[in-house]
file target.txt (compact mmCIF, C-alpha atoms)
# COMPACT_ATOMS: atom_id res chain seq x y z
CA MET A 268 31.63 36.35 -31.15
CA ALA A 269 29.13 35.44 -28.45
CA ASP A 270 27.04 38.49 -29.25
CA SER A 271 26.86 37.75 -32.94
CA SER A 272 25.79 34.15 -32.40
CA VAL A 273 22.99 35.26 -30.08
CA THR A 274 21.82 37.77 -32.66
CA HIS A 275 22.04 35.10 -35.30
CA GLY A 276 19.93 32.74 -33.18
CA HIS A 277 17.26 35.37 -32.78
CA SER A 278 16.99 36.21 -36.43
CA ALA A 279 17.03 32.57 -37.60
CA HIS A 280 14.30 31.40 -35.22
CA GLY A 281 12.21 34.46 -34.77
CA GLU A 282 9.15 32.62 -33.48
CA ASP A 283 11.25 30.86 -30.84
CA GLN A 284 12.95 33.92 -29.44
CA ASN A 285 11.03 33.74 -26.19
CA LEU A 286 11.87 30.05 -25.68
CA TRP A 287 14.44 30.80 -23.02
CA ASP A 288 12.15 33.18 -21.16
CA GLY A 289 9.74 30.41 -20.22
CA ALA A 290 7.23 31.42 -22.83
CA LYS A 291 6.77 27.94 -24.26
CA GLU A 292 5.82 25.11 -21.95
CA PRO A 293 7.65 21.85 -22.49
CA MET A 294 5.24 18.99 -23.18
CA LYS A 295 2.37 21.46 -23.06
CA ALA A 296 2.22 21.30 -19.27
CA SER A 297 3.07 24.14 -16.93
CA TYR A 298 6.22 23.98 -14.82
CA GLY A 299 4.21 23.28 -11.68
CA LYS A 300 2.19 20.46 -13.17
CA LEU A 301 5.25 18.87 -14.73
CA MET A 302 7.16 18.98 -11.46
CA MET A 303 4.17 17.51 -9.62
CA TRP A 304 4.17 14.61 -12.09
CA TYR A 305 7.88 13.96 -11.55
CA PHE A 306 7.54 14.25 -7.80
CA LEU A 307 4.80 11.62 -8.02
CA VAL A 308 7.10 9.37 -10.09
CA SER A 309 9.71 9.55 -7.33
CA ASP A 310 7.06 8.98 -4.66
CA ALA A 311 5.77 5.98 -6.60
CA PHE A 312 9.26 4.51 -6.45
CA THR A 313 9.42 5.05 -2.69
CA PHE A 314 6.10 3.28 -2.17
CA ALA A 315 7.06 0.56 -4.64
CA GLY A 316 10.25 -0.01 -2.65
CA PHE A 317 8.25 -0.49 0.56
CA LEU A 318 5.66 -2.74 -1.05
CA ILE A 319 8.30 -4.86 -2.79
CA ALA A 320 10.14 -5.23 0.54
CA TYR A 321 6.83 -6.40 2.01
CA GLY A 322 6.52 -8.98 -0.78
CA ALA A 323 10.08 -10.22 -0.36
CA LEU A 324 9.71 -10.59 3.44
CA ARG A 325 6.35 -12.31 3.00
CA PHE A 326 7.83 -14.79 0.54
CA SER A 327 10.70 -15.43 2.95
CA SER A 328 8.34 -16.37 5.80
CA PRO A 329 7.01 -19.91 6.22
CA THR A 330 3.54 -18.52 7.04
CA TRP A 331 1.86 -15.14 6.90
CA PRO A 332 -1.14 -13.82 8.87
CA GLU A 333 -4.40 -14.18 6.97
CA PRO A 334 -5.74 -10.63 6.25
CA ASP A 335 -9.41 -11.57 6.49
CA PHE A 336 -8.70 -12.90 10.00
CA VAL A 337 -6.57 -9.94 11.13
CA PHE A 338 -8.70 -7.12 9.71
CA ALA A 339 -12.18 -8.05 10.85
CA SER A 340 -13.16 -5.53 13.52
CA PHE A 341 -15.78 -2.86 13.03
CA PRO A 342 -16.46 0.20 15.20
CA PHE A 343 -19.28 -0.10 17.77
CA VAL A 344 -19.99 -3.68 16.71
CA LYS A 345 -18.63 -6.74 18.47
CA ALA A 346 -18.49 -8.87 15.35
CA HIS A 347 -16.06 -10.65 13.10
CA TRP A 348 -16.69 -8.95 9.78
CA PRO A 349 -13.70 -9.68 7.58
CA LEU A 350 -12.55 -6.80 5.34
CA VAL A 351 -15.80 -4.83 5.77
CA PHE A 352 -14.30 -1.82 7.52
CA VAL A 353 -11.33 -1.53 5.18
CA THR A 354 -13.72 -1.70 2.21
CA PHE A 355 -15.53 1.25 3.77
CA MET A 356 -12.18 3.10 4.00
CA THR A 357 -11.52 2.33 0.33
CA PHE A 358 -14.91 3.77 -0.62
CA VAL A 359 -14.19 6.92 1.38
CA LEU A 360 -11.03 7.45 -0.68
CA ILE A 361 -12.83 6.70 -3.97
CA PHE A 362 -15.51 9.26 -3.14
CA SER A 363 -12.98 11.89 -2.17
CA SER A 364 -11.15 11.23 -5.44
CA VAL A 365 -14.37 11.80 -7.36
CA THR A 366 -15.14 15.05 -5.52
CA MET A 367 -11.57 16.14 -6.29
CA VAL A 368 -12.14 15.64 -10.03
CA ARG A 369 -15.27 17.75 -9.72
CA ALA A 370 -13.32 20.52 -7.97
CA VAL A 371 -10.74 20.55 -10.80
CA GLN A 372 -13.52 20.68 -13.42
CA GLU A 373 -15.22 23.61 -11.68
CA GLY A 374 -11.82 25.30 -11.55
CA HIS A 375 -11.52 25.08 -15.31
CA ARG A 376 -14.87 26.89 -15.56
CA GLU A 377 -13.54 29.53 -13.10
CA ASN A 378 -16.43 28.72 -10.77
CA ARG A 379 -15.17 29.72 -7.33
CA ARG A 380 -18.15 28.44 -5.36
CA GLY A 381 -17.99 25.08 -7.11
CA VAL A 382 -14.28 24.68 -6.41
CA VAL A 383 -14.68 25.47 -2.72
CA PHE A 384 -17.72 23.19 -2.33
CA TRP A 385 -16.12 20.13 -3.94
CA MET A 386 -12.77 20.73 -2.22
CA PHE A 387 -14.56 20.88 1.10
CA LEU A 388 -16.14 17.47 0.45
CA THR A 389 -12.70 16.12 -0.56
CA ILE A 390 -11.18 17.35 2.71
CA LEU A 391 -14.06 15.74 4.61
CA GLY A 392 -13.29 12.44 2.85
CA GLY A 393 -9.60 12.67 3.70
CA ALA A 394 -10.36 13.41 7.35
CA THR A 395 -12.81 10.49 7.51
CA PHE A 396 -10.15 8.20 6.09
CA LEU A 397 -7.62 9.37 8.70
CA GLY A 398 -10.14 8.80 11.48
CA SER A 399 -10.86 5.31 10.19
CA GLN A 400 -7.17 4.55 10.08
CA ALA A 401 -6.81 5.77 13.66
CA TYR A 402 -9.55 3.31 14.67
CA GLU A 403 -7.85 0.47 12.80
CA TRP A 404 -4.47 1.19 14.38
CA THR A 405 -5.99 1.52 17.85
CA THR A 406 -7.66 -1.87 17.53
CA LEU A 407 -4.44 -3.52 16.42
CA ILE A 408 -2.18 -1.83 18.98
CA LYS A 409 -4.37 -1.62 22.05
CA TYR A 410 -6.61 -4.68 21.84
CA GLU A 411 -4.65 -7.09 19.70
CA ASN A 412 -1.16 -6.11 20.92
CA VAL A 413 0.51 -5.83 17.52
CA SER A 414 3.60 -3.62 17.62
CA LEU A 415 6.65 -3.00 15.48
CA GLU A 416 8.29 -6.12 16.90
CA ARG A 417 5.41 -8.18 18.24
CA ASN A 418 2.86 -10.04 16.14
CA PRO A 419 0.33 -12.23 17.95
CA PHE A 420 -1.34 -13.16 14.64
CA GLY A 421 -0.15 -16.40 13.07
CA ARG A 422 -1.19 -19.54 11.27
CA TYR A 423 -0.54 -23.14 12.35
CA MET A 424 2.18 -24.82 10.31
CA ALA A 425 0.61 -28.30 10.45
CA ASP A 426 -2.44 -30.19 11.76
CA GLY A 427 -2.51 -30.88 15.48
CA GLU A 428 -4.42 -30.62 18.72
CA LEU A 429 -4.05 -27.99 21.40
CA VAL A 430 -2.56 -29.16 24.71
CA ASP A 431 -1.76 -27.42 27.97
CA ALA A 432 1.70 -26.92 29.45
CA THR A 433 1.68 -30.44 30.90
CA GLY A 434 0.80 -32.04 27.57
CA LYS A 435 -2.84 -32.81 28.43
CA PRO A 436 -5.33 -32.06 25.64
CA VAL A 437 -7.33 -28.85 25.91
CA MET A 438 -11.02 -29.82 26.02
CA GLU A 439 -13.91 -27.83 24.69
CA ASN A 440 -17.48 -29.15 24.97
CA GLY A 441 -16.09 -32.54 25.97
CA ALA A 442 -13.87 -32.95 22.91
CA PRO A 443 -10.18 -32.11 22.34
CA VAL A 444 -9.59 -28.95 20.31
CA THR A 445 -8.06 -29.81 16.96
CA VAL A 446 -6.60 -27.33 14.50
CA LYS A 447 -5.71 -27.67 10.84
CA LYS A 448 -2.68 -26.47 8.91
CA ASP A 449 -3.08 -22.80 7.86
CA ASP A 450 -5.79 -22.09 10.47
CA SER A 451 -5.32 -18.61 11.93
CA TYR A 452 -4.78 -17.84 15.59
CA LEU A 453 -4.44 -14.75 17.77
CA LEU A 454 -2.46 -14.95 21.00
CA HIS A 455 -4.35 -12.78 23.48
CA GLY A 456 -2.21 -10.58 25.67
CA HIS A 457 -2.54 -9.01 29.08
CA GLU A 458 -0.59 -6.32 30.85
CA HIS A 459 1.77 -7.44 33.57
CA ASP A 460 4.02 -4.92 35.37
CA GLY A 461 3.57 -2.48 32.50
CA LYS A 462 4.59 -5.05 29.92
CA ILE A 463 2.39 -6.99 27.54
CA GLU A 464 2.53 -10.72 28.03
CA LEU A 465 1.04 -13.01 25.42
CA GLU A 466 -0.83 -16.14 26.48
CA LYS A 467 1.03 -19.44 26.26
CA LYS A 468 -0.48 -22.01 23.92
CA TYR A 469 0.88 -25.42 23.06
CA ILE A 470 0.17 -27.68 20.13
CA LYS A 471 0.80 -31.38 19.62
CA TYR A 472 1.34 -31.81 15.91
CA THR A 473 -0.34 -34.74 14.18
CA SER A 474 1.13 -34.11 10.73
CA GLY A 475 4.19 -32.60 9.11
CA ASN A 476 7.85 -32.83 10.12
CA TYR A 477 7.11 -32.47 13.83
CA ALA A 478 4.25 -35.00 14.07
CA GLY A 479 3.92 -36.30 17.63
CA GLN A 480 5.93 -33.46 19.20
CA VAL A 481 4.58 -30.74 21.48
CA HIS A 482 5.58 -27.19 20.52
CA GLU A 483 4.73 -23.79 21.90
CA VAL A 484 2.49 -21.80 19.57
CA GLY A 485 4.74 -18.83 18.88
CA GLN A 486 4.14 -15.41 17.44
CA GLY A 487 3.49 -15.01 13.75
CA PRO A 488 6.12 -13.49 11.45
CA LYS A 489 7.35 -10.42 13.31
CA ALA A 490 7.98 -8.36 10.20
CA PHE A 491 4.20 -8.13 9.76
CA GLY A 492 3.64 -5.41 12.35
CA ALA A 493 6.56 -3.25 11.26
CA LEU A 494 5.59 -3.50 7.60
CA PHE A 495 1.93 -2.78 8.28
CA PHE A 496 2.50 0.25 10.49
CA PHE A 497 5.29 1.62 8.35
CA ILE A 498 3.55 1.33 5.00
CA THR A 499 0.01 2.29 6.05
CA GLY A 500 1.58 4.97 8.24
CA PHE A 501 3.52 6.40 5.31
CA HIS A 502 0.35 6.38 3.22
CA GLY A 503 -1.63 7.94 6.08
CA PHE A 504 1.03 10.66 6.35
CA HIS A 505 0.48 11.37 2.66
CA VAL A 506 -3.26 11.65 3.28
CA PHE A 507 -2.59 13.95 6.23
CA SER A 508 -0.33 16.24 4.19
CA GLY A 509 -2.92 16.14 1.41
CA VAL A 510 -5.66 17.29 3.77
CA LEU A 511 -3.37 20.09 4.98
CA PHE A 512 -2.58 21.35 1.47
CA LEU A 513 -6.17 20.92 0.31
CA THR A 514 -7.26 23.12 3.22
CA ILE A 515 -4.71 25.81 2.41
CA ILE A 516 -5.67 25.81 -1.27
CA MET A 517 -9.39 25.84 -0.44
CA ILE A 518 -8.88 28.89 1.77
CA ASN A 519 -6.88 30.55 -1.01
CA ALA A 520 -9.64 29.75 -3.49
CA MET A 521 -12.25 31.19 -1.09
CA SER A 522 -10.21 34.37 -0.74
CA GLY A 523 -10.30 34.86 -4.51
CA LEU A 524 -6.54 34.52 -4.96
CA TYR A 525 -6.87 32.22 -7.97
CA VAL A 526 -9.49 34.41 -9.66
CA SER A 527 -6.84 37.05 -10.29
CA ARG A 528 -4.43 34.46 -11.72
CA LYS A 529 -6.88 33.57 -14.51
CA ASN A 530 -5.25 30.18 -15.12
CA GLY A 531 -8.23 27.92 -14.52
CA TYR A 532 -7.39 27.26 -10.86
CA GLU A 533 -4.21 25.43 -11.81
CA MET A 534 -3.23 25.12 -8.15
CA VAL A 535 -6.36 23.02 -7.61
CA GLU A 536 -5.34 20.84 -10.53
CA LYS A 537 -1.89 20.29 -9.01
CA ILE A 538 -3.17 19.28 -5.58
CA GLY A 539 -5.70 17.15 -7.48
CA LEU A 540 -2.87 15.19 -9.12
CA TYR A 541 -1.35 14.58 -5.68
CA TRP A 542 -4.68 13.55 -4.18
CA HIS A 543 -5.39 11.03 -6.96
CA PHE A 544 -1.92 9.63 -6.45
CA VAL A 545 -2.70 9.02 -2.78
CA ASP A 546 -5.80 7.10 -3.90
CA LEU A 547 -3.68 5.23 -6.44
CA VAL A 548 -1.23 4.13 -3.75
CA TRP A 549 -4.15 2.96 -1.61
CA VAL A 550 -5.24 0.68 -4.48
CA PHE A 551 -1.95 -1.17 -4.08
CA VAL A 552 -1.80 -1.01 -0.27
CA PHE A 553 -5.34 -2.44 -0.25
CA LEU A 554 -4.23 -5.14 -2.69
CA VAL A 555 -1.18 -6.40 -0.84
CA PHE A 556 -2.31 -5.99 2.77
CA TYR A 557 -5.98 -6.90 2.59
CA LEU A 558 -6.75 -8.86 -0.58
CA LEU A 559 -3.77 -11.15 -1.19
CA MET B 136 -7.61 19.31 -19.66
CA ALA B 137 -9.27 18.10 -22.81
CA GLU B 138 -10.73 21.00 -24.70
CA HIS B 139 -12.83 18.71 -26.85
CA GLN B 140 -14.87 17.49 -23.89
CA THR B 141 -17.98 19.40 -22.94
CA TYR B 142 -18.79 20.08 -19.31
CA GLU B 143 -21.60 17.52 -19.42
CA GLU B 144 -19.26 14.88 -20.86
CA GLN B 145 -16.74 15.61 -18.12
CA LYS B 146 -19.39 15.17 -15.45
CA GLN B 147 -20.49 11.90 -17.04
CA LEU B 148 -16.91 10.64 -16.95
CA VAL B 149 -16.76 11.36 -13.21
CA PHE B 150 -19.86 9.30 -12.48
CA TYR B 151 -18.68 6.54 -14.80
CA GLY B 152 -15.38 6.51 -12.85
CA LEU B 153 -17.20 6.36 -9.53
CA LYS B 154 -19.31 3.42 -10.69
CA LEU B 155 -16.34 1.62 -12.22
CA LEU B 156 -14.09 1.91 -9.15
CA ALA B 157 -16.95 1.01 -6.80
CA VAL B 158 -17.95 -2.08 -8.80
CA ILE B 159 -14.36 -3.35 -9.15
CA THR B 160 -13.73 -2.87 -5.41
CA ILE B 161 -16.94 -4.68 -4.42
CA VAL B 162 -16.20 -7.55 -6.81
CA GLU B 163 -12.64 -7.78 -5.46
CA VAL B 164 -13.76 -7.96 -1.84
CA ALA B 165 -16.60 -10.40 -2.60
CA PHE B 166 -14.23 -12.63 -4.56
CA ALA B 167 -11.65 -12.46 -1.73
CA LEU B 168 -14.26 -13.56 0.83
CA PHE B 169 -15.49 -16.30 -1.52
CA ALA B 170 -12.01 -17.61 -2.31
CA LYS B 171 -11.01 -17.66 1.37
CA GLY B 172 -13.91 -19.71 2.62
CA HIS B 173 -16.14 -17.03 4.15
CA ILE B 174 -19.11 -17.77 1.92
CA SER B 175 -18.79 -21.53 1.68
CA PRO B 176 -16.34 -23.07 4.19
CA ASP B 177 -15.32 -25.76 1.69
CA ILE B 178 -13.99 -23.31 -0.89
CA THR B 179 -10.55 -22.10 0.21
CA PHE B 180 -8.53 -22.05 -3.02
CA GLY B 181 -7.58 -18.43 -2.35
CA LYS B 182 -5.42 -19.28 0.65
CA ASP B 183 -4.19 -22.85 0.47
CA GLY B 184 -1.24 -22.36 -1.84
CA GLY B 185 -0.71 -23.88 -5.24
CA PHE B 186 -2.27 -23.11 -8.58
CA GLY B 187 -5.65 -21.92 -7.27
CA GLN B 188 -4.07 -19.26 -5.07
CA ALA B 189 -1.76 -18.18 -7.89
CA LEU B 190 -4.79 -17.64 -10.15
CA TYR B 191 -6.61 -15.83 -7.34
CA MET B 192 -3.64 -13.49 -6.79
CA LEU B 193 -3.32 -12.87 -10.54
CA ALA B 194 -6.99 -11.88 -10.78
CA MET B 195 -6.61 -9.49 -7.83
CA VAL B 196 -3.45 -7.90 -9.25
CA GLY B 197 -5.16 -7.54 -12.64
CA ALA B 198 -8.23 -5.82 -11.18
CA SER B 199 -6.05 -3.45 -9.13
CA ALA B 200 -3.88 -2.66 -12.14
CA TYR B 201 -7.01 -1.72 -14.10
CA LYS B 202 -8.13 0.60 -11.28
CA ALA B 203 -4.67 2.19 -11.29
CA TYR B 204 -4.82 2.64 -15.08
CA PHE B 205 -8.21 4.32 -14.86
CA ILE B 206 -7.14 6.70 -12.08
CA VAL B 207 -3.95 7.75 -13.88
CA PHE B 208 -5.45 8.08 -17.36
CA TYR B 209 -8.84 9.63 -16.61
CA PHE B 210 -8.83 11.13 -13.11
CA MET B 211 -5.30 12.47 -13.54
CA HIS B 212 -5.95 13.20 -17.26
CA MET B 213 -2.86 11.38 -18.48
CA ALA B 214 -4.92 10.33 -21.53
CA HIS B 215 -5.09 13.99 -22.56
CA GLU B 216 -1.44 14.88 -22.00
CA VAL B 217 1.10 14.85 -24.82
CA ARG B 218 2.88 11.59 -25.58
CA GLY B 219 6.25 12.80 -24.26
CA LEU B 220 4.87 13.54 -20.80
CA MET B 221 3.07 10.21 -20.70
CA LEU B 222 6.19 8.26 -21.66
CA SER B 223 8.47 10.18 -19.31
CA VAL B 224 6.21 9.26 -16.40
CA LEU B 225 5.27 5.71 -17.37
CA LEU B 226 8.50 4.35 -18.85
CA PRO B 227 10.60 4.70 -15.67
CA THR B 228 8.05 2.64 -13.77
CA THR B 229 8.82 -0.37 -16.00
CA LEU B 230 12.09 -0.62 -14.02
CA LEU B 231 9.91 -1.87 -11.18
CA ILE B 232 9.21 -5.07 -13.13
CA TRP B 233 12.82 -6.09 -12.61
CA ALA B 234 12.73 -4.99 -8.98
CA ILE B 235 9.71 -7.22 -8.39
CA ILE B 236 11.29 -10.24 -10.09
CA ALA B 237 14.64 -9.81 -8.33
CA PHE B 238 13.40 -9.15 -4.80
CA PHE B 239 10.66 -11.80 -4.87
CA GLN B 240 13.21 -14.34 -6.08
CA GLU B 241 15.49 -13.22 -3.23
CA GLY B 242 12.72 -13.53 -0.65
CA GLY B 243 11.60 -16.90 -1.99
CA SER B 244 15.12 -18.26 -1.89
CA TRP B 245 15.59 -17.02 1.67
CA GLY B 246 12.30 -18.67 2.65
CA SER B 247 13.21 -22.04 1.18
CA ARG B 248 16.62 -22.01 2.94
CA ARG B 249 15.51 -21.05 6.44
CA GLU B 250 16.46 -24.45 7.90
CA GLN B 251 19.84 -24.32 6.19
CA ILE B 252 20.43 -20.77 7.43
CA LYS B 253 19.56 -21.86 10.99
CA GLU B 254 22.00 -24.78 10.75
CA LYS B 255 24.72 -22.57 9.34
CA ASN B 256 24.23 -20.07 12.17
CA LEU B 257 24.68 -22.84 14.74
CA GLU B 258 27.68 -24.38 13.00
CA VAL B 259 30.84 -24.41 15.11
CA VAL B 260 33.96 -23.79 13.15
CA GLN B 261 37.53 -23.92 14.40
CA PRO B 262 38.46 -20.40 15.44
CA ALA B 263 41.14 -18.67 13.42
CA PRO B 264 44.58 -18.69 15.06
CA LYS B 265 45.39 -15.61 17.10
CA PRO B 266 47.58 -13.16 15.22
CA GLN B 267 51.21 -13.25 16.19
CA GLY B 268 52.62 -10.01 17.51
CA TYR B 269 50.60 -6.89 16.79
CA TYR B 270 49.78 -4.79 13.83
CA ILE B 271 48.35 -1.38 13.24
CA LEU B 272 46.14 -2.02 10.23
CA PRO B 273 44.77 -5.40 9.24
CA GLY B 274 46.68 -6.80 6.29
CA THR B 275 49.57 -4.38 6.45
CA LEU B 276 52.05 -5.16 9.23
CA LYS B 277 50.97 -8.73 9.89
CA GLY B 278 53.24 -11.12 11.77

call {"tool": "encode", "arguments": {"input": "target.txt", "output": "structure tokens"}}
result
Amino acid sequence: MADSSVTHGHSAHGEDQNLWDGAKEPMKASYGKLMMWYFLVSDAFTFAGFLIAYGALRFSSPTWPEPDFVFASFPFVKAHWPLVFVTFMTFVLIFSSVTMVRAVQEGHRENRRGVVFWMFLTILGGATFLGSQAYEWTTLIKYENVSLERNPFGRYMADGELVDATGKPVMENGAPVTVKKDDSYLLHGHEHDGKIELEKKYIKYTSGNYAGQVHEVGQGPKAFGALFFFITGFHGFHVFSGVLFLTIIMINAMSGLYVSRKNGYEMVEKIGLYWHFVDLVWVFVFLVFYLL
Amino acid sequence: MAEHQTYEEQKQLVFYGLKLLAVITIVEVAFALFAKGHISPDITFGKDGGFGQALYMLAMVGASAYKAYFIVFYFMHMAHEVRGLMLSVLLPTTLLIWAIIAFFQEGGSWGSRREQIKEKNLEVVQPAPKPQGYYILPGTLKG
């Protein structure tokens, strides 16, 4: 019974008889490329989950640190240059995406030297991005004392003037220091007995629900640090794995492994899909952490 | 890969993509600095809440979505894949629209009730009476 039906299937669909041997690619994409696409779908959902959690926590907080105040440092320059360094990082990723496309194109032409050259530039871009991220993290952790549960960056909730612990106004150039609602502040920290202590600042509100009262200027929303390090860290880990796999595949390409496969350097195309995805995620990380 | 594209056309697409992504990114950053008062201190509609900030955020999300579309369709060649592959990748992501609506609503509601939540946490209620006797599992051998 089973035998006859199999025979019947073969004779009725002669041209399809190799279907079950993997001869015909579903959706005209190879198994590897298809699985890379679906892995990226699942990865997109993971990142989307993190970014949506960021949005929900941000909406739940009365204030949120202002990105152009937080991300304003630049290597070797003592200046307040809002968003300049992170724009540089974005350009590094864009360039490495472009060199990746070139590597894939050279692969289709079976041009080994071209593949290796453009992949090498892509790896260089990825490594530069990782280095830049290391600088950014170092600045935040070491000099600005942000950690998973500490966030010295905040914004004033209402207008007021700064006072000292006894309630006397803080003077600067002979005039009391006034601050406006939504102005940003950073509580500087110093190490004391191996622990970081943030400076104490007090504000006497002149508007809002607490007008006339003196309050301590507290930390900003604490979820900020955890979300920043977790999400950019997860993205950075993707970049790191990408650099690792790009290196392996570049070495394979150099060795001539893919020449013998005669499939247009499909492995380069697959790592290319992954690498573009990493750039794609950065578009959204850049959007929510630095632009909004 | 698209067979109908020549090598020269492919190379052109790459440089077009580079220019496009670079220009959008520069415009985004310049607009962010402008809207947040870094170019003229009086213009701060990008950070002081309300309608101006909503428009600012919408513009930023739109520009980023266009960058994402370009990367997926041209750098990742989705434009040249068959329709079934495209739909099987893109359709599931529409589920995220609901996730965004639901979780942002949740976060917003939490944010607007912070005072109430604080009060509720401090509220003193009369403690429940101590159970009489003993029991092994809650709700089974009570009393």

call {"tool": "interface_residues", "arguments": {"input": "target.txt", "of": "chain B", "to": "chain A", "cutoff": "6 Å", "atoms": "only C-alpha atoms", "output": "list in words"}}
result
Ala203, Met211, Leu220, Phe238, Phe239, Gly242, Gly243, Trp245 and Gly246 of chain B

call {"tool": "residues_around", "arguments": {"input": "target.txt", "residues": "Phe387 (chain A)", "least_positions_apart": "4", "cutoff": "8 Å", "atoms": "all atoms listed in the file", "output": "ChimeraX atom specification"}}
result
/A:383,391,514,517

call {"tool": "write_last_selection", "arguments": {"input": "target.txt", "atoms": "C-alpha atoms", "output": "CSV table (one decimal), keeping the file's coordinate frame"}}
result
chain,number,residue,atom,x,y,z
A,383,VAL,CA,-14.7,25.5,-2.7
A,391,LEU,CA,-14.1,15.7,4.6
A,514,THR,CA,-7.3,23.1,3.2
A,517,MET,CA,-9.4,25.8,-0.4

call {"tool": "closest_residue", "arguments": {"input": "target.txt", "among": "B:Met213, B:Ala189, B:Met195, B:Ala263", "to": "Val162 (chain B)", "atoms": "only C-alpha atoms"}}
result
B:Met195

call {"tool": "atom_distance", "arguments": {"input": "target.txt", "atom1": "CA of Lys182 (chain B)", "atom2": "CA of Ala167 (chain B)"}}
result
9.5 Å

call {"tool": "axis_aligned_box", "arguments": {"input": "target.txt", "around": "region 516-530 of chain A", "padding_each_side": "4 Å", "output": "AutoDock Vina command-line options"}}
result
--center_x -8.3 --center_y 31.4 --center_z -6.7 --size_x 15.8 --size_y 19.2 --size_z 24.9

call {"tool": "residues_near_point", "arguments": {"input": "target.txt", "point": "(9.5, -7.3, 13.8)", "cutoff": "7 Å", "atoms": "only C-alpha atoms", "output": "PyMOL selection string"}}
result
chain A and resi 415-417+489-493

call {"tool": "residues_around", "arguments": {"input": "target.txt", "residues": "region 398-401 of chain A", "least_positions_apart": "4", "cutoff": "8 Å", "atoms": "all atoms listed in the file", "output": "PyMOL selection string"}}
result
chain A and resi 356+394+405+503
